[in-house]
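Working notes, beginning with the structure itself.
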Amino acid sequence: MKHLLRPLLISLVSGSTLLLALTARAETTAFVNVSVLPMDRDTVLTEQTVLVTGDRITAVGSRETVAVPDGARKIDGKGKFLMPGLGEMHGHNPAVGSSEAYVENIYFLFLSNGVTTVRSMLGWPGQLELRDKVNRSQILGPTLYLAGPSFAGNTVPSPAAAEARVREQKREGWDLLKVHPGLKRDTFDAMARTADELGIRFAGHIPIDVGLVHAIEKGQETVDHLDGYIEFLQAADGPIDPKKLNEIVRLTRETNTWVIPTMVLWETIIGSASLDEMMRFPELQYMPRSQVEQWKASYERRITHANYKKSTAMTTAENRKILLKALHEGGAKIIFGTDAPQQFSVPGFSIHREIESMASAGMSPFAILQTATRNVGEYLKSRDTFGLVAPGHRADLLLLQGNPLSDLNELSKRSGVMVRGQWIPESEIQAGLARIAAESKN
Ligand SMILES: [Zn+2]
């Protein structure tokens with residue numbers, strides 16, 4: 001109902017009138033008698049009432065302390081668990097030229113698995129308008145934060161070009177700058193200097209000429225894929241030196257650098273994953289056949305390349321797990337990401353595989369879920385308040401049939417997802433997934 005009415009309102013009114021119209025008709029939803037995972041601490045609050053009005057959580061408390069207003073829509077939470085929606089902090093918008101229907105399907109796949117926030121890590125023209133439409137709920141999708149067009153060796157050949165590009169992207173309104181491989185150190189430094197001056201952050205890969213230590217000392221905000229760590233540790237092919245590991249964990253913590261591991265995606269990139277296993281992923285049914293064929297072909301190309309060595313790939317993958325565990329235990333800041341949609345990482349569904357990989361590296365369910373909830377909110381706290389089940393937070397919620405702190409598999413047994421206050425019951429999710437699967441057969 002809500003999402004049918006909104007476009008109508010938007011076409012009738014504009015500007016501040018629109019805001020008033022949306023606020024005036026904001027309705028209240030009450031989750032009653034539900035167990036809450038607030039996610040700022042490792043606990044479950046039982047028999048809670050959670051109120052949502054508009055796009056905000058307005059109250060969380062026991063039945064005695066929180067009254068359900070007359071006319072509120074009630075969602076029965078008996079035996080169920082309510083947690084914050086999840087963040088995909090290295091995601092992507094579909095490629096330039098994708099149809100509107102395909103873009104909306106990708107957004108739906110994210111939401112269907114409880115991913116309510118996406119930091120999209122490669123900008124192209126048109127995305128800013130798309131972001132604004134989604135974030136105003138004119139299009140159903142996760143709240144988007146966008147990196148601009150890439151800073152790479154081939155797109156940014158000189159310090160002067162870097163400076164001009166930072167100014168341009170700041171002016172255009174991108175949320176952050178995306179660093180790609182190939183940047184020369186002086187060009188990187190010019191980008192970092194201009195970014196500092198203008199108050200925009202940069203994040204992403206670690207160019208080889210720059211190196212991990214220099215990048216984080218210059219204030220790179222996130223190191224995605226744990227890029228640069230294995231090179232720093234010289235551990236692609238052999239054991240990790242514990243002294244070097246301590247050194248880089250300490251530097252990561254002290255510089256307040258966020259890392260986004262993307263463990264599973266990287267196993268696909270380095271070629272330690274099993275193609276047969278990946279081709280059997282049930283979620284591939286939601287991607288166009290041509291896309292899956294492309295992913296398969298590029299994986300085959302990688303593992304038949306002259307430089308490919310299976311033993312190196314396997315050692316690197318194992319060392320990345322040791323590294324992740326050390327970063328976690330050493331107090332470094334970790335946020336969740338899977339690089340979807342990309343290389344067998346299907347939007348939304350990829351979170352379950354990444355969570356399993358983080359667990360196998362030795363992180364607890366609570367620690368893993370924090371990387372996708374509370375930590376995401378902390379990382380983006382200058383933009384909005386979200387990531388906890390607490391009053392004032394954006395109403396991004398995931399209602400589950402069991403407690404994911406006891407068993408992470410419970411994350412895929414949903415009762416529904418709420419994004420910016422809009423409730424999507426599991427029946428709608430299943431209907432949407434069936435439609436997408438049918439469309440993807442072509
Ligand atoms: Zn990416």
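By convention in this document, the chains of the structure tokens carry letters A, B, ... by their order, each chain's residues are numbered from 1, and ligands are numbered from 1 in the order they are shown.
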With 10 Å as the cut-off and only C-alpha atoms and all ligand atoms counted, what is the closest atom pair between each nearby residue of chain A and ligand 1? Distances in Å to one decimal, ordered by chain and number, as a Markdown table.
| residue | atom | partner | partner_atom_place_in_ligand_line | distance |
| --- | --- | --- | --- | --- |
| A:Met89 | CA | ligand 1 | 1 (Zn) | 9.8 |
| A:His90 | CA | ligand 1 | 1 (Zn) | 6.0 |
| A:Gly91 | CA | ligand 1 | 1 (Zn) | 6.2 |
| A:His92 | CA | ligand 1 | 1 (Zn) | 6.5 |
| A:Asn93 | CA | ligand 1 | 1 (Zn) | 9.9 |
| A:Ser120 | CA | ligand 1 | 1 (Zn) | 8.1 |
| A:Met121 | CA | ligand 1 | 1 (Zn) | 5.8 |
| A:Leu122 | CA | ligand 1 | 1 (Zn) | 7.1 |
| A:Lys178 | CA | ligand 1 | 1 (Zn) | 9.7 |
| A:His180 | CA | ligand 1 | 1 (Zn) | 9.6 |
| A:Gly204 | CA | ligand 1 | 1 (Zn) | 8.3 |
| A:His205 | CA | ligand 1 | 1 (Zn) | 9.2 |
| A:Asp224 | CA | ligand 1 | 1 (Zn) | 8.4 |
| A:His225 | CA | ligand 1 | 1 (Zn) | 8.7 |
| A:Thr262 | CA | ligand 1 | 1 (Zn) | 9.3 |
| A:Leu265 | CA | ligand 1 | 1 (Zn) | 9.3 |
| A:Gly337 | CA | ligand 1 | 1 (Zn) | 9.4 |
| A:Thr338 | CA | ligand 1 | 1 (Zn) | 8.3 |
| A:Asp339 | CA | ligand 1 | 1 (Zn) | 4.8 |
| A:Ala340 | CA | ligand 1 | 1 (Zn) | 7.4 |
| A:Pro341 | CA | ligand 1 | 1 (Zn) | 8.4 |
| A:Gln342 | CA | ligand 1 | 1 (Zn) | 7.3 |
| A:Gln343 | CA | ligand 1 | 1 (Zn) | 9.8 |
Could the residues in this selection be saved with C-alpha atoms as a PDB file, in the first residue's frame?
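Result file is out37.pdb:
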ATOM      1  CA  MET A  89      29.727  -2.224   2.381  1.00  0.00           C
ATOM      2  CA  HIS A  90      31.368  -3.280  -0.846  1.00  0.00           C
ATOM      3  CA  GLY A  91      28.496  -3.698  -3.239  1.00  0.00           C
ATOM      4  CA  HIS A  92      27.768  -2.505  -6.733  1.00  0.00           C
ATOM      5  CA  ASN A  93      24.984  -1.013  -8.790  1.00  0.00           C
ATOM      6  CA  SER A 120      28.172   0.977  -3.997  1.00  0.00           C
ATOM      7  CA  MET A 121      31.825   0.962  -4.955  1.00  0.00           C
ATOM      8  CA  LEU A 122      32.024   2.151  -8.541  1.00  0.00           C
ATOM      9  CA  LYS A 178      37.023   4.886  -5.145  1.00  0.00           C
ATOM     10  CA  HIS A 180      41.600   1.248  -7.912  1.00  0.00           C
ATOM     11  CA  GLY A 204      38.930   0.767  -1.919  1.00  0.00           C
ATOM     12  CA  HIS A 205      42.008  -0.978  -3.276  1.00  0.00           C
ATOM     13  CA  ASP A 224      38.571  -3.377   0.740  1.00  0.00           C
ATOM     14  CA  HIS A 225      39.287  -7.087   0.099  1.00  0.00           C
ATOM     15  CA  THR A 262      35.179  -9.858   1.178  1.00  0.00           C
ATOM     16  CA  LEU A 265      34.827 -13.075  -3.362  1.00  0.00           C
ATOM     17  CA  GLY A 337      31.067  -6.736   2.400  1.00  0.00           C
ATOM     18  CA  THR A 338      30.766  -9.303  -0.389  1.00  0.00           C
ATOM     19  CA  ASP A 339      31.217  -7.307  -3.623  1.00  0.00           C
ATOM     20  CA  ALA A 340      27.780  -8.276  -4.969  1.00  0.00           C
ATOM     21  CA  PRO A 341      26.783  -8.513  -7.739  1.00  0.00           C
ATOM     22  CA  GLN A 342      30.069  -9.875  -8.988  1.00  0.00           C
ATOM     23  CA  GLN A 343      31.778 -13.241  -9.679  1.00  0.00           C
TER      24      GLN A 343
END
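DSSP, applied to the backbone of this structure, assigns strand (DSSP E or B) to the following residues of stretch 344-430 of chain A: Ser345, Arg394, Leu397, Leu398, Leu399, Leu400, Arg414, Ser415, Gly416, Val417, Met418, Val419, Gln422, Trp423, Ile424 and Pro425 of chain A.
Here the question is which of A:Ala164, A:Ile200, A:Leu177, A:Ile139 gets nearest to A:Ser382 using only C-alpha atoms, and that residue is A:Ile200.
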Would you list the contacts of stretch 144-146 of chain A as a ChimeraX atom specification, taking every protein, DNA or RNA residue within 8 Å and counting only C-alpha atoms, but skipping same-chain residues closer than 2 positions in sequence? /A:117-123,127-128,131,134-135,142,148,174-176
So that I can see what lies close to A:Ala161, please list as an MDAnalysis selection string the residues with an atom at most 10 Å from it, counting only C-alpha atoms and leaving out residues fewer than 4 positions away in the same chain. chainID A and resid 151 155:157 165:166 187 190:191
Could you write out that same residue set with N, CA and C atoms as a compact mmCIF listing (two decimals), in the first residue's frame?
# COMPACT_ATOMS: atom_id res chain seq x y z
N PHE A 151 39.31 6.06 -9.42
CA PHE A 151 40.66 6.63 -9.51
C PHE A 151 41.60 5.47 -9.79
N THR A 155 42.73 6.02 -15.62
CA THR A 155 41.79 7.15 -15.66
C THR A 155 42.39 8.41 -15.05
N VAL A 156 43.38 8.24 -14.18
CA VAL A 156 43.97 9.40 -13.50
C VAL A 156 45.49 9.34 -13.65
N PRO A 157 45.99 9.90 -14.75
CA PRO A 157 47.41 9.71 -15.08
C PRO A 157 48.38 10.64 -14.36
N ARG A 165 39.84 15.70 -10.52
CA ARG A 165 38.80 14.68 -10.39
C ARG A 165 38.16 14.68 -9.00
N VAL A 166 38.98 14.91 -7.97
CA VAL A 166 38.41 15.00 -6.61
C VAL A 166 37.44 16.17 -6.54
N THR A 187 50.33 10.64 -7.55
CA THR A 187 48.94 10.88 -7.95
C THR A 187 47.99 10.57 -6.78
N ALA A 190 48.21 13.34 -4.26
CA ALA A 190 47.46 14.53 -4.69
C ALA A 190 45.97 14.33 -4.45
N MET A 191 45.50 13.11 -4.71
CA MET A 191 44.10 12.78 -4.43
C MET A 191 43.81 12.91 -2.94
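Within the 8 Å cut-off around A:Asn375, using only C-alpha atoms and omitting residues fewer than 5 positions from it on the same chain, the listed residues are Lys333, Ile334, Ile335, Gln370 and Gly387 of chain A.
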Take the residues from that selection and put them in a file with N, CA and C atoms, as a short mmCIF file (atom, residue, chain, number, x, y, z; two decimals), in the first residue's frame.
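This is the output file again_33.cif:
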data_model
loop_
_atom_site.label_atom_id
_atom_site.label_comp_id
_atom_site.auth_asym_id
_atom_site.auth_seq_id
_atom_site.Cartn_x
_atom_site.Cartn_y
_atom_site.Cartn_z
N LYS A 333 39.00 -2.32 13.08
CA LYS A 333 37.59 -2.10 12.76
C LYS A 333 37.22 -2.82 11.46
N ILE A 334 36.23 -3.71 11.56
CA ILE A 334 35.87 -4.54 10.41
C ILE A 334 34.43 -4.23 10.01
N ILE A 335 34.19 -4.02 8.71
CA ILE A 335 32.81 -3.93 8.23
C ILE A 335 32.58 -4.95 7.12
N GLN A 370 27.83 -7.96 14.18
CA GLN A 370 28.16 -6.55 14.45
C GLN A 370 28.83 -5.88 13.25
N GLY A 387 21.70 1.00 12.30
CA GLY A 387 22.60 -0.11 12.64
C GLY A 387 22.28 -0.78 13.97
#
